[in-house]
Amino acid sequence: MGSLGAILKHPDDLYPLLKLKMAVRHAEKQIPSEPHWAFCYSMLQRVSRSFALVVQQLGTELRNAVCIFYLVLRALDTVEDDTSIPTDVKVPILIAFHRHIYDRDWHFSCGTKDYKVLMDQFHDVSTAFLELEKGYQEAIEDITKRMGAGMAKFIFKEVETIGDYEEYCHYVAGLVGLGLSKLFHASELEDLASDSISNSMGLFLQKTNIIRDYLEDINEIPKSRMFWPREIWSKYVNKLEDLKNEENSVKAVQCLNDMVTNSLIHVNDCLKYMSALREPGIFRFCAIPQVMAIGTLAMCYNNINVFKGVVKMRRGLTAQIIHRTKTMADVYGAFFDFSCMLKSKVDKNDPNAAKTLSSLEAIQKTCRESGALNKRKSYIIRNELKYNSVLIVLLFIILSIIFASLSANRSSD
């Protein structure tokens, strides 16, 4: 759950954390009985617990399609990510991957840990895929084909310009947004969103991940993975890996802020996309990751720790986002709050300060004009609260009861 110290500091996290714990346990019990579907859902939990949780917002038919879509693209990504695969082997697999999903016998051993299991038993994913409705199959095949071709293109191409960066992010994430829009439309629960705003939904999440994962990617063995565009980082250092050197800390933070500012251009498209969704489950499935992304950017902005490790929101705040993101009003409130947090961190001496502030003010204007900012609880705690000893004792008692109950349930299981 969350650490005791974090809960004492943020007692409002306690109830959402408990709900999150129960939701995770519920998701674990939703694994179907058929062996191939059981593999798919158990693998989904192993490669992405967060995605396995949000996908539970969807109805069964659409949830199955989205689960398979995710696993197919995760497998494709595993091939792309495995730097030990020779290029002359990797490229044909990426280009033909959309055909392999129709072959119940195809598999390819690569990746490590859970990703290797996914690839070794990919026939189970193919078997589940072939049970989906034709409309879902066609959407998944189309996006897999386009993504594989794009990934193959970037095997031979560095991310040099901002245009390259946009194109790479489109292939690996924007197409996910387009694919999900196609799946939602195939379910007859939503109208088909435009490619432009669907693309922005994917790009906003992907750029956030690329920013957050700088150190992990640059330290990749046997070869660094470099996704930050040269057009941005070359303004600050001679080599991308130089950003992690302590003597470059000022320039590194300025480069980081430049990257965050670049990602903010997609926010208003994302808000437009989410405001058009009608089905509550689809809305929550889309909205929770987007709120997590703007929150992560607020944490990363102007934060030298991005170059020392992975900067993440505390688990309690994640639980609050999952608990509180139910309507578009909640989304406008969250984006307004996190943009305020980010705005408070802008240094007027930063080279991109004016551009950053302009983007944030545009986001805040959209949120204000929604009329949804009244009567809500802010994500930002402006003053550190001091808790007396009585509250601390009560929290200890509550936590003891909870842990005792969970232990008893585990024993009975």
# chains A, B, ... in the order shown; residues from 1 in each chain; ligands from 1
$ residues_around --residues "range 279-295 of chain A" --least-positions-apart "6" --cutoff "8 Å" --atoms "only C-alpha atoms" --output "VMD selection string"
chain A and resid 54 to 55 57 to 59 184 189 to 190 201 204 to 205 208 270 313 318 321 to 322 325 to 327 331 334 to 335 338 to 339
$ residues_around --residues "range 112-127 of chain A" --least-positions-apart "4" --cutoff "10 Å" --atoms "only C-alpha atoms" --output "PyMOL selection string"
chain A and resi 35-41+43-44+46-47+67-69+71-72+74-79+82+100-108+131-132
$ residues_around --residues "Glu138 in chain A" --least-positions-apart "4" --cutoff "12 Å" --atoms "only C-alpha atoms" --output "MDAnalysis selection string"
chainID A and resid 65 69 98:99 101:102 129:130 132:134 142:145 179 182:183 186
$ residues_around --residues "Ala353 in chain A" --least-positions-apart "4" --cutoff "12 Å" --atoms "only C-alpha atoms" --output "ChimeraX atom specification"
/A:254-255,257-258,260-261,301-302,342-349,357-360
$ select_by_dssp --residues "range 20-62 of chain A" --states "helix (DSSP H, G or I)" --output "MDAnalysis selection string"
chainID A and resid 20:29 35:47 49:57 60:62
$ closest_residue --among "A:Ala149, A:Ile140, A:Ile221, A:Leu264" --to "Leu178 in chain A" --atoms "only C-alpha atoms"
A:Ile140
$ atom_distance --atom1 "CA of Ile218 in chain A" --atom2 "CA of Glu241 in chain A"
6.5 Å
